[in-house]
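To be precise, the following lines are upload_38.txt, and they hold compact mmCIF, C-alpha atoms.
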# COMPACT_ATOMS: atom_id res chain seq x y z
CA MET H 112 131.26 85.22 87.19
CA GLY H 113 127.86 86.87 87.54
CA LEU H 114 124.77 85.59 85.79
CA ALA H 115 124.08 87.31 82.48
CA ILE H 116 120.65 88.94 82.54
CA ALA H 117 118.46 88.57 79.50
CA SER H 118 115.94 91.38 79.26
CA VAL H 119 113.11 92.36 77.00
CA GLN H 120 113.49 95.88 75.66
CA THR H 121 110.24 97.75 76.11
CA GLN H 122 109.35 101.30 75.29
CA ALA H 123 108.48 103.56 78.19
CA ASN H 124 104.77 103.36 77.41
CA ASP H 125 104.73 99.55 76.92
CA THR H 126 103.14 98.06 80.02
CA LEU H 127 102.36 94.40 80.53
CA LYS H 128 98.97 93.84 82.12
CA ILE H 129 99.26 90.91 84.51
CA ALA H 130 96.24 89.24 86.08
CA THR H 131 96.64 88.57 89.79
CA ARG H 132 94.52 87.63 92.78
CA HIS H 133 92.48 89.85 95.04
CA ASP H 134 93.66 90.71 98.55
CA LEU H 135 95.26 87.56 100.01
CA PRO H 136 97.85 88.49 102.67
CA PRO H 137 100.72 87.86 102.94
CA TYR H 138 100.98 87.04 99.22
CA VAL H 139 98.92 89.88 97.75
CA TYR H 140 97.76 92.86 99.79
CA GLU H 141 94.94 95.25 98.89
CA ARG H 142 95.49 97.10 95.59
CA ALA H 143 98.41 94.73 94.86
CA ASP H 144 100.88 97.33 96.09
CA HIS H 145 102.91 94.77 98.03
CA GLY H 146 103.01 91.19 99.29
CA ILE H 147 105.37 88.23 98.86
CA GLU H 148 104.15 87.47 95.35
CA ILE H 149 103.91 91.12 94.27
CA ASP H 150 107.39 91.99 95.56
CA LEU H 151 108.93 88.96 93.86
CA ILE H 152 107.31 89.79 90.51
CA ARG H 153 108.30 93.47 90.74
CA LYS H 154 111.92 92.52 91.37
CA ILE H 155 111.89 90.01 88.49
CA ALA H 156 110.29 92.59 86.18
CA LYS H 157 112.84 95.25 87.11
CA ILE H 158 115.78 92.97 86.28
CA ALA H 159 114.13 91.81 83.05
CA ASN H 160 113.39 95.43 82.02
CA LEU H 161 109.64 94.86 82.01
CA ASN H 162 107.00 97.43 82.89
CA VAL H 163 104.13 95.68 84.66
CA GLU H 164 100.66 96.59 85.85
CA PHE H 165 98.80 94.24 88.19
CA VAL H 166 95.10 93.77 87.49
CA GLN H 167 93.28 92.12 90.39
CA MET H 168 90.31 89.91 89.65
CA PRO H 169 88.68 86.63 90.75
CA ARG H 170 90.58 83.50 89.77
CA ILE H 171 88.13 82.40 87.07
CA ARG H 172 88.19 85.85 85.46
CA MET H 173 91.98 85.81 85.59
CA ILE H 174 92.03 82.69 83.43
CA GLN H 175 89.29 83.84 81.08
CA SER H 176 90.93 87.22 80.51
CA PHE H 177 94.35 85.70 79.84
CA ASP H 178 92.96 83.05 77.49
CA ALA H 179 91.14 85.81 75.56
CA GLN H 180 94.44 87.75 75.37
CA GLN H 181 92.98 90.65 77.31
CA MET H 182 95.87 90.17 79.75
CA ASP H 183 99.54 89.86 78.77
CA GLY H 184 100.31 87.61 81.70
CA ILE H 185 98.76 85.68 84.57
CA LEU H 186 100.16 84.73 87.97
CA THR H 187 99.80 81.82 90.41
CA GLN H 188 99.03 79.09 87.90
CA ASN H 189 99.27 75.33 88.28
CA PRO H 190 101.84 74.18 85.69
CA LYS H 191 99.47 71.51 84.34
CA ALA H 192 96.27 73.55 84.33
CA SER H 193 96.67 75.16 80.91
CA LYS H 194 98.68 75.18 77.71
CA VAL H 195 97.82 78.74 76.70
CA GLY H 196 100.90 80.87 76.11
CA CYS H 197 104.27 79.94 77.62
CA ALA H 198 104.99 78.83 81.16
CA THR H 199 107.73 80.23 83.37
CA GLU H 200 109.68 78.29 85.97
CA TRP H 201 107.94 78.10 89.36
CA TYR H 202 108.39 81.21 91.46
CA LEU H 203 105.97 80.72 94.37
CA LYS H 204 105.24 77.85 96.74
CA HIS H 205 102.12 77.28 98.81
CA GLN H 206 102.17 74.64 101.55
CA ASN H 207 98.82 73.60 102.97
CA PHE H 208 98.60 71.92 106.38
CA ALA H 209 95.93 70.77 108.78
CA PHE H 210 96.19 72.91 111.93
CA THR H 211 94.94 71.73 115.32
CA LEU H 212 95.29 73.03 118.87
CA ASN H 213 98.14 71.48 120.82
CA ASP H 214 96.02 70.76 123.86
CA ARG H 215 93.66 68.63 121.76
CA ASP H 216 96.55 66.27 120.98
CA LEU H 217 94.93 65.06 117.75
CA ASN H 218 96.91 62.53 115.73
CA ILE H 219 96.57 63.48 112.05
CA ARG H 220 99.04 61.60 109.89
CA GLY H 221 97.37 61.88 106.50
CA LEU H 222 94.23 62.66 104.55
CA ASP H 223 92.31 59.65 105.87
CA ASP H 224 92.42 61.15 109.35
CA LEU H 225 90.33 64.09 108.12
CA LYS H 226 87.25 61.96 107.50
CA SER H 227 85.88 61.92 111.03
CA ILE H 228 86.69 65.32 112.55
CA ARG H 229 85.01 68.73 112.36
CA LEU H 230 86.94 70.40 109.59
CA VAL H 231 86.92 73.82 107.91
CA SER H 232 88.92 75.03 104.93
CA PHE H 233 88.94 77.93 102.50
CA ASP H 234 86.29 78.44 99.83
CA GLY H 235 87.18 76.30 96.81
CA ALA H 236 89.59 74.00 98.67
CA THR H 237 88.05 70.92 97.10
CA GLN H 238 88.81 72.42 93.69
CA TYR H 239 92.36 73.62 94.34
CA LEU H 240 93.83 71.02 96.72
CA GLY H 241 93.54 68.09 94.33
CA PRO H 242 91.27 65.08 93.77
CA ARG H 243 92.57 63.06 96.74
CA TYR H 244 91.73 65.86 99.13
CA LYS H 245 88.32 66.33 97.53
CA ASN H 246 87.43 62.64 97.62
CA THR H 247 88.49 62.43 101.27
CA VAL H 248 86.69 65.44 102.74
CA LEU H 249 83.48 64.84 100.79
CA GLN H 250 83.15 61.69 102.88
CA ASN H 251 83.07 63.87 105.99
CA PRO H 252 79.61 65.26 106.86
CA ALA H 253 81.27 67.73 109.27
CA TYR H 254 83.37 69.37 106.55
CA THR H 255 82.70 72.94 105.48
CA GLU H 256 84.36 75.72 103.50
CA ALA H 257 84.34 79.39 104.48
CA ALA H 258 85.64 82.20 102.29
CA ASP H 259 87.13 84.47 104.96
CA GLN H 260 90.22 82.63 106.22
CA SER H 261 90.88 85.40 108.74
CA THR H 262 88.03 83.95 110.84
CA HIS H 263 89.29 80.36 110.83
CA ILE H 264 91.66 80.82 113.77
CA ALA H 265 88.83 82.16 115.95
CA LEU H 266 86.67 79.19 114.97
CA LEU H 267 89.46 76.81 115.93
CA TYR H 268 90.19 78.57 119.24
CA LYS H 269 86.49 78.54 120.18
CA GLY H 270 86.18 74.81 119.53
CA ARG H 271 83.78 75.12 116.59
CA PHE H 272 86.12 72.91 114.56
CA ASP H 273 88.76 70.32 115.38
CA ALA H 274 91.06 71.32 112.53
CA VAL H 275 91.59 73.99 109.91
CA VAL H 276 93.12 73.22 106.52
CA GLY H 277 94.90 76.02 104.73
CA ASP H 278 98.09 77.69 103.62
CA GLU H 279 100.75 77.85 106.33
CA TRP H 280 101.53 81.54 105.97
CA ILE H 281 97.94 82.71 105.52
CA LEU H 282 96.81 80.97 108.71
CA LYS H 283 99.86 81.98 110.75
CA LEU H 284 99.27 85.59 109.76
CA ALA H 285 95.61 85.19 110.77
CA GLN H 286 96.76 83.80 114.12
CA ARG H 287 99.05 86.76 114.71
CA ARG H 288 96.35 89.27 113.76
CA TYR H 289 93.88 87.52 116.08
CA TYR H 290 96.38 87.81 118.92
CA GLU H 291 97.02 91.50 118.17
CA ALA H 292 93.26 92.17 118.20
CA THR H 293 92.33 90.10 121.27
CA GLY H 294 95.49 89.20 123.22
CA ASN H 295 94.45 85.54 122.99
CA TYR H 296 96.96 82.92 121.87
CA MET H 297 96.79 79.14 121.71
CA LYS H 298 99.63 77.03 120.41
CA MET H 299 98.84 75.17 117.21
CA GLN H 300 100.23 72.01 115.70
CA GLN H 301 100.56 71.66 111.94
CA HIS H 302 100.09 68.31 110.23
CA GLU H 303 101.56 67.62 106.80
CA ILE H 304 98.72 66.12 104.80
CA LEU H 305 99.52 67.39 101.30
CA PRO H 306 102.60 68.02 99.17
CA ALA H 307 103.59 71.61 98.46
CA SER H 308 102.09 73.36 95.43
CA TYR H 309 104.47 75.18 93.09
CA TYR H 310 103.08 77.98 90.95
CA ILE H 311 104.19 79.51 87.67
CA ALA H 312 103.33 82.57 85.60
CA ARG H 313 102.16 82.47 81.99
CA PHE H 314 102.69 84.98 79.20
CA HIS H 315 101.75 85.06 75.53
CA ASP H 316 105.28 86.02 74.46
CA GLN H 317 108.06 83.43 74.78
CA ALA H 318 110.67 86.19 74.99
CA ILE H 319 109.00 87.44 78.16
CA CYS H 320 108.97 83.95 79.67
CA ASP H 321 112.68 83.60 78.90
CA ALA H 322 113.53 86.98 80.45
CA PHE H 323 111.38 86.16 83.50
CA ASN H 324 113.19 82.85 84.02
CA THR H 325 116.62 84.43 83.75
CA ALA H 326 115.75 87.17 86.24
CA LEU H 327 114.18 84.61 88.61
CA LYS H 328 117.36 82.55 88.54
CA ASN H 329 119.34 85.67 89.31
CA ILE H 330 117.38 86.63 92.43
CA ARG H 331 117.54 83.06 93.70
CA GLU H 332 121.31 82.93 93.28
CA ASN H 333 122.10 86.37 94.75
CA GLY H 334 119.88 85.93 97.82
CA THR H 335 117.22 88.50 96.92
CA TYR H 336 114.48 85.87 96.70
CA ARG H 337 115.28 84.60 100.20
CA GLN H 338 115.48 88.13 101.56
CA ILE H 339 112.02 89.08 100.28
CA VAL H 340 110.45 85.94 101.73
CA SER H 341 112.27 86.31 105.06
CA THR H 342 111.14 89.91 105.46
CA TYR H 343 107.50 88.86 105.29
CA TYR H 344 108.06 85.87 107.56
CA ASP H 345 109.29 88.23 110.28
CA THR H 346 105.96 90.10 110.13
CA ILE H 347 103.98 86.86 110.33
CA SER H 348 105.78 84.76 112.91
CA MET H 349 104.62 84.78 116.53
CA ALA H 350 108.16 83.93 117.69
CA GLY H 351 109.25 87.53 118.30
CA ILE H 352 106.07 88.29 120.25
CA LEU H 353 106.21 85.13 122.34
CA ASN H 354 109.87 85.70 123.24
CA SER H 355 109.29 89.30 124.32
CA PRO H 356 109.17 89.76 128.12
CA ASN H 357 106.77 92.69 127.67
CA GLN H 358 104.07 90.65 125.97
CA LYS H 359 101.30 89.05 128.00
CA ILE H 360 99.67 86.02 126.39
CA VAL H 361 96.10 85.24 127.38
CA VAL H 362 95.03 81.66 126.75
CA PRO H 363 91.21 81.38 126.85

Kindly transcribe the structure held in the file into structure tokens.
Amino acid sequence: MGLAIASVQTQANDTLKIATRHDLPPYVYERADHGIEIDLIRKIAKIANLNVEFVQMPRIRMIQSFDAQQMDGILTQNPKASKVGCATEWYLKHQNFAFTLNDRDLNIRGLDDLKSIRLVSFDGATQYLGPRYKNTVLQNPAYTEAADQSTHIALLYKGRFDAVVGDEWILKLAQRRYYEATGNYMKMQQHEILPASYYIARFHDQAICDAFNTALKNIRENGTYRQIVSTYYDTISMAGILNSPNQKIVVP
């Protein structure tokens, strides 16, 4: 028996304004026209009979606008960060790792091993990766944060840092783009230093949260969720390139 879909009946001109992040491939691409997160939310909205408009803004403005009810919804929220409106079930996972070059053979088994190496992470990492991460890296005088994660792979390859901390998919996409631009590739090792982060959406209307959750359950059960994620993984992974006999890998 198929899953019954609860939907919110909206008039053709009723559009939910949803606050989302600026360009952050592969989750949100420029103008929020696609990306893992955008495609998942569009599919959920379609099943739930919701008309949505994505409004991109900095994270702090996202929260301020939603709290002031200028936005109908907000994406990519920590479940415990707020009690404004209603919370959906989690729909998106981020997994942050420490990445090192294989030939360095660095043994990183946990956060404590980050204290004495040259380390770079994304801007705001000490705010978003939790108090244990913050307390650990602030003891490291060679720790820095840089906003443009697309440059972190080049910094690692060139030996400016011993390790990069960041989201698995963001950094693997950066690695692939660096290879496509330069032809240079160096094998990386990823070290599990943090648990995965699971993100929810928030809305001001409980009926919308309920419809969202029902549609989310539907796409998980019928395989659509997995299909969307897998499609993006294929565009990120280096596996297809490395296994192609026509590709020449240059290791600096």

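Using all atoms listed in the file, the protein and nucleic acid residues lying at most 12 Å from the point (109.9, 91.0, 99.9) are H:Pro137, H:Tyr138, H:Val139, H:Asp144, H:His145, H:Gly146, H:Ile147, H:Glu148, H:Ile149, H:Asp150, H:Leu151, H:Ile152, H:Arg153, H:Lys154, H:Ile155, H:Ile330, H:Gly334, H:Thr335, H:Tyr336, H:Arg337, H:Gln338, H:Ile339, H:Val340, H:Ser341, H:Thr342, H:Tyr343, H:Tyr344, H:Asp345, H:Thr346.
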
Selected residues written out, C-alpha atoms, as an mmCIF file, keeping the file's coordinate frame:
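The resulting file, result-v1.cif, is reproduced below:
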data_model
loop_
_atom_site.group_PDB
_atom_site.id
_atom_site.type_symbol
_atom_site.label_atom_id
_atom_site.label_comp_id
_atom_site.auth_asym_id
_atom_site.auth_seq_id
_atom_site.Cartn_x
_atom_site.Cartn_y
_atom_site.Cartn_z
ATOM 1 C CA PRO H 137 100.720 87.860 102.940
ATOM 2 C CA TYR H 138 100.980 87.040 99.220
ATOM 3 C CA VAL H 139 98.920 89.880 97.750
ATOM 4 C CA ASP H 144 100.880 97.330 96.090
ATOM 5 C CA HIS H 145 102.910 94.770 98.030
ATOM 6 C CA GLY H 146 103.010 91.190 99.290
ATOM 7 C CA ILE H 147 105.370 88.230 98.860
ATOM 8 C CA GLU H 148 104.150 87.470 95.350
ATOM 9 C CA ILE H 149 103.910 91.120 94.270
ATOM 10 C CA ASP H 150 107.390 91.990 95.560
ATOM 11 C CA LEU H 151 108.930 88.960 93.860
ATOM 12 C CA ILE H 152 107.310 89.790 90.510
ATOM 13 C CA ARG H 153 108.300 93.470 90.740
ATOM 14 C CA LYS H 154 111.920 92.520 91.370
ATOM 15 C CA ILE H 155 111.890 90.010 88.490
ATOM 16 C CA ILE H 330 117.380 86.630 92.430
ATOM 17 C CA GLY H 334 119.880 85.930 97.820
ATOM 18 C CA THR H 335 117.220 88.500 96.920
ATOM 19 C CA TYR H 336 114.480 85.870 96.700
ATOM 20 C CA ARG H 337 115.280 84.600 100.200
ATOM 21 C CA GLN H 338 115.480 88.130 101.560
ATOM 22 C CA ILE H 339 112.020 89.080 100.280
ATOM 23 C CA VAL H 340 110.450 85.940 101.730
ATOM 24 C CA SER H 341 112.270 86.310 105.060
ATOM 25 C CA THR H 342 111.140 89.910 105.460
ATOM 26 C CA TYR H 343 107.500 88.860 105.290
ATOM 27 C CA TYR H 344 108.060 85.870 107.560
ATOM 28 C CA ASP H 345 109.290 88.230 110.280
ATOM 29 C CA THR H 346 105.960 90.100 110.130
#

(request) Could you check how far atom CA of Ser261 of chain H sits from atom CA of Glu303 of chain H, in Å to one decimal? (result) 20.8 Å

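Rounded to one decimal, atom CA of Ala156 of chain H and atom CA of Tyr309 of chain H lie 19.6 Å from each other.
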
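Nearest to Leu267 of chain H of all the residues H:Phe177, H:Tyr202, H:Tyr310, H:Phe210 is H:Phe210, counting only C-alpha atoms.
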
(message) Between atom CA of Leu217 of chain H and atom CA of Gln300 of chain H, what is the distance in Å, rounded to a tenth?
(response) 9.0 Å

(message) Please determine, counting all atoms listed in the file, which residue among H:Gln250, H:Asn189, H:Thr199, H:Thr126 has the shortest atom-to-atom distance to Phe165 of chain H.
(response) H:Thr126

Using only C-alpha atoms, which residues sit within 7 Å of Ala274 of chain H once same-chain residues fewer than 6 positions away are excluded, as a PDB file with C-alpha atoms, in the coordinates of the input?
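Everything below was put into part_7.pdb:
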ATOM      1  CA  ALA H 209      95.930  70.770 108.780  1.00  0.00           C
ATOM      2  CA  PHE H 210      96.190  72.910 111.930  1.00  0.00           C
ATOM      3  CA  THR H 211      94.940  71.730 115.320  1.00  0.00           C
ATOM      4  CA  ARG H 229      85.010  68.730 112.360  1.00  0.00           C
ATOM      5  CA  LEU H 230      86.940  70.400 109.590  1.00  0.00           C
ATOM      6  CA  VAL H 231      86.920  73.820 107.910  1.00  0.00           C
ATOM      7  CA  LEU H 267      89.460  76.810 115.930  1.00  0.00           C
TER       8      LEU H 267
END

Step by step, gather every atom of segment 169-174 of chain H that the file lists, find the box along x, y and z that holds them, add 6 Å on each side, and finally give centre and edge lengths in Å to one decimal, as lines of an AutoDock Vina configuration file.
center_x = 90.1
center_y = 84.5
center_z = 87.1
size_x = 15.9
size_y = 16.2
size_z = 19.3
